[in-house]
file query-v9.cif (mmCIF, C-alpha atoms)
data_work
#
loop_
_atom_site.label_atom_id
_atom_site.label_comp_id
_atom_site.auth_asym_id
_atom_site.auth_seq_id
_atom_site.Cartn_x
_atom_site.Cartn_y
_atom_site.Cartn_z
CA MET A 1 210.95 220.94 166.16
CA GLN A 2 211.69 218.28 163.57
CA THR A 3 209.64 215.11 163.75
CA SER A 4 209.73 211.89 161.79
CA ARG A 5 207.87 208.65 161.55
CA GLU A 6 210.76 206.98 163.36
CA THR A 7 210.82 209.48 166.24
CA PRO A 8 207.32 210.95 166.55
CA TYR A 9 206.76 213.81 168.95
CA VAL A 10 204.77 212.63 171.95
CA GLY A 11 203.56 215.09 174.56
CA LEU A 12 203.30 212.70 177.52
CA PRO A 13 206.01 211.02 179.59
CA ARG A 14 207.00 207.55 178.52
CA GLU A 15 205.59 204.71 180.56
CA LYS A 16 208.24 203.32 182.89
CA THR A 17 208.61 199.55 182.81
CA PHE A 18 211.65 198.95 185.01
CA GLU A 19 211.83 195.37 186.28
CA THR A 20 212.15 196.66 189.83
CA VAL A 21 208.82 198.47 189.52
CA GLN A 22 207.20 195.42 187.97
CA THR A 23 208.49 193.25 190.81
CA ALA A 24 206.91 195.54 193.39
CA GLU A 25 203.63 195.56 191.48
CA TYR A 26 203.66 191.76 191.21
CA PHE A 27 203.95 191.42 194.97
CA GLN A 28 201.03 193.80 195.41
CA ALA A 29 199.00 191.35 193.33
CA LEU A 30 200.29 188.42 195.37
CA GLU A 31 198.99 190.08 198.53
CA ASN A 32 195.46 190.05 197.07
CA PHE A 33 195.99 186.47 195.89
CA THR A 34 197.07 185.07 199.26
CA ARG A 35 194.37 186.95 201.14
CA THR A 36 191.69 185.60 198.80
CA PHE A 37 192.79 181.98 198.97
CA CYS A 38 192.83 182.01 202.75
CA PHE A 39 193.13 178.27 203.35
CA THR A 40 193.80 176.81 206.78
CA GLY A 41 195.25 173.45 207.67
CA ASP A 42 191.79 172.29 208.72
CA ASP A 43 190.18 173.04 205.34
CA ARG A 44 189.06 170.35 202.93
CA VAL A 45 189.62 172.03 199.56
CA VAL A 46 187.86 171.02 196.33
CA PHE A 47 188.81 172.68 193.03
CA LEU A 48 186.21 172.46 190.22
CA ALA A 49 188.44 173.10 187.19
CA ASP A 50 188.25 172.67 183.42
CA ARG A 51 190.67 171.66 180.69
CA THR A 52 190.93 175.15 179.13
CA ILE A 53 192.22 176.95 182.23
CA ASP A 54 195.94 177.72 182.45
CA PRO A 55 197.41 174.75 184.41
CA LYS A 56 199.74 177.19 186.20
CA VAL A 57 196.68 178.77 187.83
CA ILE A 58 195.74 175.39 189.29
CA GLN A 59 199.28 174.78 190.51
CA ALA A 60 199.58 178.25 192.04
CA ILE A 61 196.40 177.80 194.08
CA CYS A 62 197.20 174.21 195.03
CA GLY A 63 200.74 175.16 196.00
CA LEU A 64 199.45 177.82 198.39
CA ALA A 65 197.01 175.28 199.88
CA ARG A 66 199.81 172.74 200.43
CA ALA A 67 201.95 175.43 202.08
CA ARG A 68 199.15 175.84 204.61
CA GLY A 69 198.78 172.16 205.35
CA THR A 70 195.94 170.95 203.13
CA GLU A 71 195.91 168.93 199.90
CA PRO A 72 193.25 170.04 197.37
CA MET A 73 191.07 167.61 195.46
CA VAL A 74 191.05 168.81 191.83
CA VAL A 75 188.02 167.77 189.74
CA MET A 76 188.85 168.31 186.07
CA SER A 77 185.97 168.71 183.62
CA HIS A 78 186.00 169.10 179.85
CA THR A 79 183.94 172.28 180.18
CA THR A 80 182.93 175.16 182.45
CA GLN A 81 179.41 175.17 181.04
CA HIS A 82 177.73 172.96 183.64
CA THR A 83 174.31 174.32 184.55
CA GLU A 84 174.18 172.00 187.58
CA ILE A 85 176.62 169.91 189.58
CA PRO A 86 176.89 166.42 188.00
CA GLU A 87 175.56 163.64 190.21
CA GLU A 88 178.92 161.86 190.48
CA ILE A 89 180.58 165.05 191.76
CA LYS A 90 178.04 165.86 194.47
CA PRO A 91 179.51 163.51 197.14
CA ILE A 92 182.96 165.04 196.59
CA LEU A 93 181.65 168.58 196.76
CA GLU A 94 179.67 167.89 199.92
CA THR A 95 182.88 167.00 201.80
CA ALA A 96 184.50 170.38 201.14
CA THR A 97 184.86 173.38 203.44
CA PHE A 98 186.51 175.57 200.75
CA VAL A 99 185.66 175.43 197.03
CA ILE A 100 187.41 177.06 194.06
CA SER A 101 185.41 176.88 190.84
CA THR A 102 185.44 177.79 187.17
CA TRP A 103 182.04 176.17 186.59
CA PHE A 104 179.03 178.26 185.52
CA CYS A 105 176.64 176.57 187.96
CA SER A 106 178.57 177.76 191.01
CA ILE A 107 176.22 180.62 191.85
CA ILE A 108 172.88 179.18 190.73
CA ASP A 109 172.84 175.45 191.51
CA PRO A 110 170.55 174.81 194.53
CA LEU A 111 173.11 172.39 195.98
CA CYS A 112 175.85 175.05 195.87
CA ILE A 113 173.52 177.58 197.50
CA ALA A 114 172.58 175.10 200.22
CA LEU A 115 176.22 174.18 200.91
CA ARG A 116 177.13 177.85 201.32
CA LYS A 117 174.20 178.30 203.69
CA GLY A 118 175.78 175.46 205.64
CA GLY A 119 179.07 177.36 205.87
CA GLN A 120 181.03 176.31 202.78
CA ARG A 121 183.32 179.08 201.45
CA TRP A 122 183.66 179.67 197.69
CA VAL A 123 185.95 181.52 195.28
CA LYS A 124 184.75 181.80 191.67
CA ILE A 125 187.68 182.35 189.29
CA THR A 126 186.02 183.31 186.01
CA TYR A 127 188.49 186.22 185.76
CA PHE A 128 191.64 184.29 186.74
CA ARG A 129 192.11 181.81 183.94
CA ASP A 130 195.69 182.82 183.07
CA LEU A 131 198.50 183.20 185.58
CA GLU A 132 199.84 186.20 183.63
CA LEU A 133 196.78 188.13 184.86
CA LEU A 134 198.64 188.56 188.15
CA LYS A 135 200.69 191.19 186.30
CA THR A 136 197.68 193.37 185.47
CA PRO A 137 196.51 196.58 187.20
CA GLN A 138 193.21 195.00 188.20
CA ALA A 139 195.01 192.14 189.98
CA ARG A 140 197.07 194.49 192.15
CA PHE A 141 194.34 197.05 192.87
CA PRO A 142 193.82 196.93 196.66
CA ILE A 143 190.87 194.74 197.52
CA ASP A 144 190.10 196.81 200.61
CA ILE A 145 189.31 199.78 198.36
CA VAL A 146 187.04 197.57 196.23
CA GLY A 147 185.20 196.57 199.39
CA GLU A 148 184.67 200.19 200.43
CA ILE A 149 183.43 201.14 196.94
CA ILE A 150 180.87 198.33 197.21
CA ARG A 151 179.74 199.35 200.72
CA GLN A 152 179.28 202.97 199.66
CA THR A 153 177.23 201.84 196.64
CA ALA A 154 175.03 199.71 198.91
CA ALA A 155 174.44 202.77 201.10
CA LEU A 156 172.79 204.52 198.14
CA TYR A 157 169.87 202.04 198.04
CA PRO A 158 166.98 203.76 199.88
CA GLU A 159 165.81 202.39 203.23
CA ASP A 160 162.26 202.02 204.54
CA GLN A 161 160.49 202.69 201.26
CA VAL A 162 159.43 201.17 197.97
CA PHE A 163 161.49 202.54 195.07
CA ASP A 164 162.27 202.09 191.39
CA LEU A 165 165.73 201.10 190.26
CA ARG A 166 165.69 203.00 186.96
CA PHE A 167 168.08 202.73 184.01
CA THR A 168 168.28 205.37 181.27
CA CYS A 169 170.82 206.28 178.60
CA PRO A 170 171.24 208.91 175.85
CA HIS A 171 170.28 206.35 173.19
CA GLY A 172 166.78 205.90 174.60
CA SER A 173 167.00 203.10 177.16
CA ASP A 174 164.43 203.38 179.94
CA LEU A 175 163.84 200.41 182.24
CA ARG A 176 162.54 200.13 185.79
CA ILE A 177 162.82 197.42 188.41
CA LYS A 178 160.38 197.87 191.29
CA PHE A 179 162.08 197.22 194.63
CA THR A 180 160.38 196.52 197.92
CA GLN A 181 162.31 196.84 201.17
CA GLU A 182 162.33 193.06 201.45
CA MET A 183 163.97 192.83 198.02
CA ARG A 184 166.53 195.48 199.01
CA ASN A 185 167.38 193.67 202.23
CA ASN A 186 167.64 190.29 200.50
CA LEU A 187 170.00 191.70 197.90
CA LEU A 188 172.29 193.63 200.24
CA ARG A 189 172.66 191.04 202.99
CA SER A 190 175.25 189.00 201.07
CA ASN A 191 178.91 189.08 202.06
CA ARG A 192 179.75 190.62 198.67
CA TRP A 193 177.43 193.61 199.17
CA ARG A 194 178.92 194.04 202.64
CA GLY A 195 182.26 194.52 200.90
CA ARG A 196 183.73 191.28 202.22
CA MET A 197 186.40 190.57 199.61
CA THR A 198 187.94 187.48 201.18
CA PRO A 199 186.17 184.18 201.98
CA ASP A 200 187.11 184.12 205.64
CA GLU A 201 183.61 183.79 207.05
CA PRO A 202 181.16 180.87 206.77
CA GLY A 203 179.05 180.91 203.62
CA ALA A 204 181.28 183.38 201.76
CA TYR A 205 181.21 183.70 197.96
CA VAL A 206 183.73 185.97 196.24
CA HIS A 207 185.10 186.55 192.76
CA TYR A 208 188.77 186.51 191.88
CA LEU A 209 190.22 188.50 190.19
CA PRO A 210 188.19 191.08 192.16
CA THR A 211 186.60 192.87 189.21
CA HIS A 212 182.99 191.66 188.98
CA GLY A 213 181.21 193.12 191.97
CA PRO A 214 177.83 192.14 193.41
CA ASN A 215 174.91 192.63 191.05
CA LEU A 216 172.75 195.74 191.15
CA TYR A 217 169.86 193.30 190.75
CA ASP A 218 169.66 189.52 190.70
CA ARG A 219 167.31 186.78 191.83
CA THR A 220 168.68 186.84 195.38
CA ALA A 221 166.48 189.93 195.78
CA LEU A 222 163.57 187.52 195.43
CA ASP A 223 165.20 184.98 197.76
CA ASN A 224 165.93 182.81 194.68
CA ASP A 225 162.25 181.90 194.48
CA ASP A 226 161.56 180.85 190.89
CA GLY A 227 157.83 181.29 191.48
CA VAL A 228 158.13 185.06 192.00
CA VAL A 229 157.82 187.35 188.99
CA ALA A 230 159.93 190.49 189.26
CA GLU A 231 158.41 193.77 188.07
CA ILE A 232 160.96 194.59 185.36
CA ASP A 233 159.55 196.70 182.56
CA GLY A 234 161.00 198.91 179.84
CA VAL A 235 163.48 199.07 177.00
CA VAL A 236 167.26 198.61 176.84
CA ILE A 237 169.36 199.66 173.83
CA PRO A 238 172.61 197.68 174.24
CA GLN A 239 175.92 199.03 172.98
CA TRP A 240 177.76 195.72 172.80
CA ALA A 241 177.42 192.06 173.83
CA VAL A 242 179.55 189.02 174.49
CA GLY A 243 180.32 187.19 171.26
CA PHE A 244 180.43 190.23 168.99
CA GLU A 245 183.66 191.63 167.60
CA LYS A 246 183.01 195.30 168.25
CA PRO A 247 180.34 197.66 169.62
CA PHE A 248 177.14 197.82 167.62
CA ASP A 249 176.76 200.33 164.79
CA GLU A 250 173.06 199.51 164.67
CA ARG A 251 170.36 200.60 167.09
CA PHE A 252 167.89 198.02 168.32
CA GLU A 253 165.64 197.79 171.36
CA VAL A 254 165.31 194.91 173.80
CA VAL A 255 161.83 195.05 175.36
CA PHE A 256 161.20 193.77 178.90
CA ALA A 257 157.79 193.17 180.45
CA ARG A 258 157.16 191.50 183.80
CA ASP A 259 160.53 189.78 184.15
CA ARG A 260 160.76 188.55 180.55
CA ILE A 261 162.00 189.79 177.20
CA THR A 262 158.91 190.09 175.03
CA GLY A 263 160.61 191.22 171.84
CA VAL A 264 163.48 192.93 170.05
CA ARG A 265 162.63 195.93 167.87
CA GLY A 266 164.76 196.84 164.88
CA ASP A 267 165.24 196.04 161.20
CA GLY A 268 168.98 195.27 161.00
CA ASP A 269 171.04 192.09 161.19
CA PHE A 270 171.81 192.42 164.90
CA ALA A 271 168.14 192.89 165.72
CA ALA A 272 167.35 189.67 163.87
CA ILE A 273 170.07 187.73 165.73
CA PHE A 274 168.91 188.98 169.12
CA ARG A 275 165.22 188.57 168.32
CA ASP A 276 165.86 184.88 167.77
CA MET A 277 168.18 184.62 170.77
CA LEU A 278 166.54 186.72 173.49
CA THR A 279 162.77 186.45 173.07
CA ASP A 280 161.24 184.86 176.19
CA GLY A 281 164.57 185.16 178.03
CA GLN A 282 164.74 186.25 181.67
CA LEU A 283 167.01 188.81 183.33
CA ILE A 284 168.71 186.92 186.16
CA GLU A 285 171.49 189.36 187.01
CA LEU A 286 172.44 192.95 186.32
CA GLY A 287 176.17 193.13 186.85
CA CYS A 288 178.40 196.10 187.60
CA GLY A 289 182.15 196.38 187.97
CA PHE A 290 183.74 197.81 191.12
CA ASN A 291 187.48 197.59 190.34
CA PRO A 292 188.61 200.88 188.72
CA LYS A 293 191.56 199.20 187.03
CA ALA A 294 189.47 196.60 185.21
CA PRO A 295 189.61 197.28 181.43
CA ARG A 296 186.55 199.25 180.39
CA TYR A 297 186.09 198.37 176.74
CA THR A 298 186.32 194.60 176.87
CA VAL A 299 183.37 192.25 177.18
CA TYR A 300 184.81 188.75 177.50
CA PRO A 301 183.96 186.60 179.37
CA ALA A 302 181.17 188.64 180.99
CA GLY A 303 182.10 192.28 181.07
CA SER A 304 182.67 195.07 181.07
CA ASN A 305 183.64 195.02 184.71
CA SER A 306 184.75 198.63 184.88
CA PRO A 307 182.93 200.75 187.51
CA GLY A 308 179.64 202.06 186.17
CA ALA A 309 179.59 199.85 183.08
CA LEU A 310 176.69 197.39 183.18
CA HIS A 311 176.12 193.91 181.84
CA TRP A 312 172.66 192.41 181.60
CA GLY A 313 172.87 188.68 182.30
CA ILE A 314 169.99 186.96 180.53
CA ASP A 315 169.00 183.30 180.71
CA LEU A 316 167.68 182.31 177.32
CA ALA A 317 164.58 180.26 176.60
CA GLY A 318 166.76 177.72 174.79
CA PRO A 319 170.33 177.22 173.55
CA SER A 320 171.47 179.79 171.01
CA ASP A 321 172.97 178.42 167.80
CA TYR A 322 174.72 181.77 167.29
CA ILE A 323 176.59 181.38 170.60
CA ARG A 324 177.42 177.77 169.83
CA ARG A 325 178.95 178.76 166.48
CA VAL A 326 180.85 181.83 167.61
CA MET A 327 181.90 180.77 171.14
CA PRO A 328 181.95 176.97 171.44
CA GLN A 329 184.45 177.20 174.34
CA TRP A 330 182.83 180.16 176.10
CA GLU A 331 183.02 179.94 179.91
CA GLU A 332 179.23 180.17 180.12
CA PRO A 333 176.73 177.84 178.43
CA PRO A 334 174.89 178.81 175.22
CA VAL A 335 171.75 179.55 177.27
CA HIS A 336 173.23 182.72 178.76
CA MET A 337 173.97 186.10 177.17
CA ASP A 338 175.44 189.35 178.53
CA LEU A 339 174.43 192.66 176.95
CA ILE A 340 176.69 195.66 177.68
CA ASN A 341 176.05 199.36 178.35
CA TYR A 342 178.74 201.94 179.12
CA ASN A 343 176.88 205.21 179.69
CA MET A 344 173.78 204.35 181.69
CA THR A 345 172.40 206.55 184.42
CA VAL A 346 171.01 204.48 187.29
CA THR A 347 168.82 205.91 190.04
CA ALA A 348 167.39 204.25 193.14
CA GLY A 349 164.41 206.38 194.05
CA ASN A 350 165.80 209.92 194.19
CA THR A 351 169.43 208.79 194.61
CA THR A 352 171.88 208.43 191.71
CA LEU A 353 174.03 205.30 191.76
CA ILE A 354 175.59 205.75 188.30
CA ASP A 355 175.74 209.00 186.35
CA GLY A 356 176.34 208.53 182.62
CA GLY A 357 178.52 205.47 183.25
CA PHE A 358 180.34 206.92 186.29
CA LEU A 359 179.87 205.05 189.57
CA LYS A 360 179.07 207.75 192.13
CA SER A 361 180.54 205.87 195.09
CA LEU A 362 184.01 206.50 193.62
CA GLU A 363 183.57 210.04 194.95
CA ALA A 364 182.48 208.99 198.45
CA PRO A 365 184.73 210.59 201.11
CA SER A 366 185.52 207.24 202.76
CA VAL A 367 186.56 205.75 199.40
CA VAL A 368 188.79 208.70 198.55
CA GLU A 369 190.32 208.65 202.03
CA MET A 370 191.08 204.94 201.81
CA ALA A 371 192.54 205.26 198.30
CA SER A 372 194.84 208.03 199.59
CA ARG A 373 196.58 205.45 201.78
CA TYR A 374 197.64 203.51 198.70
CA GLY A 375 198.53 206.30 196.26
CA ASP A 376 196.97 209.14 194.30
CA PRO A 377 193.19 208.71 194.66
CA VAL A 378 192.47 210.34 191.30
CA ASP A 379 194.81 207.91 189.54
CA LEU A 380 193.48 204.92 191.50
CA LEU A 381 189.76 205.70 191.21
CA GLN A 382 189.29 207.61 187.96
CA ASN A 383 192.18 206.68 185.64
CA TRP A 384 190.41 203.80 183.92
CA PRO A 385 192.30 201.64 181.42
CA ASP A 386 190.74 200.98 178.01
#

call {"tool": "encode", "arguments": {"input": "query-v9.cif", "output": "structure tokens"}}
result
Amino acid sequence: MQTSRETPYVGLPREKTFETVQTAEYFQALENFTRTFCFTGDDRVVFLADRTIDPKVIQAICGLARARGTEPMVVMSHTTQHTEIPEEIKPILETATFVISTWFCSIIDPLCIALRKGGQRWVKITYFRDLELLKTPQARFPIDIVGEIIRQTAALYPEDQVFDLRFTCPHGSDLRIKFTQEMRNNLLRSNRWRGRMTPDEPGAYVHYLPTHGPNLYDRTALDNDDGVVAEIDGVVIPQWAVGFEKPFDERFEVVFARDRITGVRGDGDFAAIFRDMLTDGQLIELGCGFNPKAPRYTVYPAGSNSPGALHWGIDLAGPSDYIRRVMPQWEEPPVHMDLINYNMTVTAGNTTLIDGGFLKSLEAPSVVEMASRYGDPVDLLQNWPD
């Protein structure tokens, strides 16, 4: 067979991009969208927005709210990087029953936590900053499958025993988080770990787009008590991090002891950057993706959010000048960094949650059965986009 640069031989079928197919896919995404922003006419909606979000996102959400009989109050900030709710905004926020937010403080501010305990429902839209994202595979992936993947992952955490959540990788990472049953129960009681993907119950907190799942570990395990020191000890060798152009070609070790980073070992340039940035930082969340159609090899704004890929969310001891130089408009403040690993093995006691970067719950019979209702389960659950 003759080939040429103009007509190269390709051994796979061409991707079909008919407008009719794209229209159907778009309406699949709209189903997730309308179910997530489940306003009622009785809701008082407050939208904590920022000037760098696509204005069409704001109008899409507000338009849906108006169609259901409520007029949102949009609070526009110059930044998403708030580490706490500004005083002048608190009275507005306290009137809301439903909050949409791009602001960093949404999950950690004590006021936000207290308002959710009082029944306020929240949608965090870190991953929906451009309306064109509605045309992506992760936007149209059925949220009910995401919920079942999460529930089956939760079921792998051992009951009625103390256990280590252990993280290892071929490069030499080896870190343990000691879990008590109280910690396990605190972590898994949230609506997100129960696989509740829509904020239709009091106190709900969900992410949209539905890519970033609940964390394998975060401070909710300790009931958000800042006085408790988690037993987190060991070494992580990251493969990538937010704010870096490509995966690392240099090996360095991030050392954890008793909830803190005590040092970074290595002689290269990256080791020096992270030694300055991370020393005395604290692991506040250990994120995992649960949407199989989320891109695997991207890290911005806080990824990867592909199933089985991990990101280590670290609160720094002080603002990082490196972050301020490289990412002045980053969605998170320069006191937070996410390290990325793609091929970790994670065990909870004697049970494997992640095997070499593959989330084991993707093979759970209930997940496969549910995916079969929507299409080919192998394509839906294991055909990950780069």

call {"tool": "resolve_selection", "arguments": {"input": "query-v9.cif", "expression": "the PyMOL selection byres ((chain A and resi 160) around 12)", "output": "list in words"}}
result
Tyr157, Pro158, Glu159, Gln161, Val162, Phe163, Phe179, Thr180, Gln181, Glu182, Met183, Arg184, Asn185 and Gly349 of chain A

call {"tool": "closest_residue", "arguments": {"input": "query-v9.cif", "among": "A:Glu31, A:Glu84, A:Asp218, A:Glu363", "to": "Pro333 (chain A)", "atoms": "only C-alpha atoms"}}
result
A:Glu84

call {"tool": "residues_around", "arguments": {"input": "query-v9.cif", "residues": "region 108-111 of chain A", "least_positions_apart": "2", "cutoff": "9 Å", "atoms": "all atoms listed in the file", "output": "MDAnalysis selection string"}}
result
chainID A and resid 83:85 90 94 104:106 113:116 224

call {"tool": "write_last_selection", "arguments": {"input": "query-v9.cif", "atoms": "C-alpha atoms", "output": "tab-separated table (two decimals), keeping the file's coordinate frame"}}
result
chain	number	residue	atom	x	y	z
A	83	THR	CA	174.31	174.32	184.55
A	84	GLU	CA	174.18	172.00	187.58
A	85	ILE	CA	176.62	169.91	189.58
A	90	LYS	CA	178.04	165.86	194.47
A	94	GLU	CA	179.67	167.89	199.92
A	104	PHE	CA	179.03	178.26	185.52
A	105	CYS	CA	176.64	176.57	187.96
A	106	SER	CA	178.57	177.76	191.01
A	113	ILE	CA	173.52	177.58	197.50
A	114	ALA	CA	172.58	175.10	200.22
A	115	LEU	CA	176.22	174.18	200.91
A	116	ARG	CA	177.13	177.85	201.32
A	224	ASN	CA	165.93	182.81	194.68

call {"tool": "axis_aligned_box", "arguments": {"input": "query-v9.cif", "around": "region 80-94 of chain A", "padding_each_side": "8 Å", "output": "AutoDock Vina command-line options"}}
result
--center_x 178.6 --center_y 168.5 --center_z 190.5 --size_x 24.8 --size_y 29.3 --size_z 34.9

call {"tool": "resolve_selection", "arguments": {"input": "query-v9.cif", "expression": "the PyMOL selection byres ((chain A and resi 279) around 12)", "output": "mmCIF file with C-alpha atoms, keeping the file's coordinate frame"}}
result
data_model
loop_
_atom_site.group_PDB
_atom_site.id
_atom_site.type_symbol
_atom_site.label_atom_id
_atom_site.label_comp_id
_atom_site.auth_asym_id
_atom_site.auth_seq_id
_atom_site.Cartn_x
_atom_site.Cartn_y
_atom_site.Cartn_z
ATOM 1 C CA GLU A 253 165.640 197.790 171.360
ATOM 2 C CA VAL A 254 165.310 194.910 173.800
ATOM 3 C CA VAL A 255 161.830 195.050 175.360
ATOM 4 C CA PHE A 256 161.200 193.770 178.900
ATOM 5 C CA ALA A 257 157.790 193.170 180.450
ATOM 6 C CA ASP A 259 160.530 189.780 184.150
ATOM 7 C CA ARG A 260 160.760 188.550 180.550
ATOM 8 C CA ILE A 261 162.000 189.790 177.200
ATOM 9 C CA THR A 262 158.910 190.090 175.030
ATOM 10 C CA GLY A 263 160.610 191.220 171.840
ATOM 11 C CA VAL A 264 163.480 192.930 170.050
ATOM 12 C CA ARG A 265 162.630 195.930 167.870
ATOM 13 C CA ALA A 271 168.140 192.890 165.720
ATOM 14 C CA ALA A 272 167.350 189.670 163.870
ATOM 15 C CA ILE A 273 170.070 187.730 165.730
ATOM 16 C CA PHE A 274 168.910 188.980 169.120
ATOM 17 C CA ARG A 275 165.220 188.570 168.320
ATOM 18 C CA ASP A 276 165.860 184.880 167.770
ATOM 19 C CA MET A 277 168.180 184.620 170.770
ATOM 20 C CA LEU A 278 166.540 186.720 173.490
ATOM 21 C CA ASP A 280 161.240 184.860 176.190
ATOM 22 C CA GLY A 281 164.570 185.160 178.030
ATOM 23 C CA GLN A 282 164.740 186.250 181.670
ATOM 24 C CA LEU A 283 167.010 188.810 183.330
ATOM 25 C CA ILE A 314 169.990 186.960 180.530
ATOM 26 C CA ASP A 315 169.000 183.300 180.710
ATOM 27 C CA LEU A 316 167.680 182.310 177.320
ATOM 28 C CA ALA A 317 164.580 180.260 176.600
ATOM 29 C CA GLY A 318 166.760 177.720 174.790
ATOM 30 C CA PRO A 319 170.330 177.220 173.550
ATOM 31 C CA SER A 320 171.470 179.790 171.010
ATOM 32 C CA MET A 337 173.970 186.100 177.170
#

call {"tool": "closest_residue", "arguments": {"input": "query-v9.cif", "among": "A:Leu133, A:Ile149, A:Ile323, A:Cys62", "to": "Glu369 (chain A)", "atoms": "all atoms listed in the file"}}
result
A:Ile149

call {"tool": "closest_residue", "arguments": {"input": "query-v9.cif", "among": "A:Met76, A:Pro137, A:Val229, A:Val46", "to": "Pro91 (chain A)", "atoms": "all atoms listed in the file"}}
result
A:Val46

call {"tool": "resolve_selection", "arguments": {"input": "query-v9.cif", "expression": "the PyMOL selection byres ((chain A and resi 39) around 10)", "output": "list in words"}}
result
Thr34, Arg35, Thr36, Phe37, Cys38, Thr40, Gly41, Asp42, Asp43, Arg44, Val45, Ile61, Leu64, Ala65, Arg66, Ala67, Arg68, Gly69, Thr70, Thr97, Phe98, Pro199 and Asp200 of chain A

call {"tool": "build_atoms", "arguments": {"input": "query-v9.cif", "residues": "region 209-221 of chain A", "atoms": "N, CA, C and O atoms", "output": "short mmCIF file (atom, residue, chain, number, x, y, z; two decimals), in the coordinates of the input"}}
result
data_model
loop_
_atom_site.label_atom_id
_atom_site.label_comp_id
_atom_site.auth_asym_id
_atom_site.auth_seq_id
_atom_site.Cartn_x
_atom_site.Cartn_y
_atom_site.Cartn_z
N LEU A 209 189.76 187.20 189.78
CA LEU A 209 190.22 188.50 190.19
C LEU A 209 189.03 189.36 190.65
O LEU A 209 187.92 189.20 190.16
N PRO A 210 189.30 190.31 191.57
CA PRO A 210 188.19 191.08 192.16
C PRO A 210 187.74 192.21 191.25
O PRO A 210 187.98 193.38 191.52
N THR A 211 187.09 191.86 190.15
CA THR A 211 186.60 192.87 189.21
C THR A 211 185.08 192.91 189.18
O THR A 211 184.48 193.97 189.30
N HIS A 212 184.45 191.76 189.03
CA HIS A 212 182.99 191.66 188.98
C HIS A 212 182.44 191.81 190.40
O HIS A 212 182.65 190.96 191.25
N GLY A 213 181.75 192.91 190.64
CA GLY A 213 181.21 193.12 191.97
C GLY A 213 179.87 192.43 192.14
O GLY A 213 179.41 191.68 191.27
N PRO A 214 179.20 192.65 193.26
CA PRO A 214 177.83 192.14 193.41
C PRO A 214 176.92 192.80 192.39
O PRO A 214 177.19 193.88 191.88
N ASN A 215 175.83 192.14 192.08
CA ASN A 215 174.91 192.63 191.05
C ASN A 215 173.99 193.71 191.60
O ASN A 215 173.51 193.62 192.73
N LEU A 216 173.71 194.71 190.75
CA LEU A 216 172.75 195.74 191.15
C LEU A 216 171.35 195.15 191.32
O LEU A 216 170.53 195.67 192.08
N TYR A 217 171.09 194.08 190.58
CA TYR A 217 169.86 193.30 190.75
C TYR A 217 170.19 191.86 190.38
O TYR A 217 170.91 191.60 189.40
N ASP A 218 169.69 190.92 191.13
CA ASP A 218 169.66 189.52 190.70
C ASP A 218 168.56 188.81 191.48
O ASP A 218 167.85 189.42 192.29
N ARG A 219 168.43 187.52 191.24
CA ARG A 219 167.31 186.78 191.83
C ARG A 219 167.44 186.58 193.33
O ARG A 219 166.49 186.16 193.98
N THR A 220 168.60 186.89 193.93
CA THR A 220 168.68 186.84 195.38
C THR A 220 167.74 187.87 196.01
O THR A 220 167.31 187.71 197.16
N ALA A 221 167.43 188.94 195.27
CA ALA A 221 166.48 189.93 195.78
C ALA A 221 165.12 189.31 196.03
O ALA A 221 164.34 189.78 196.87
#
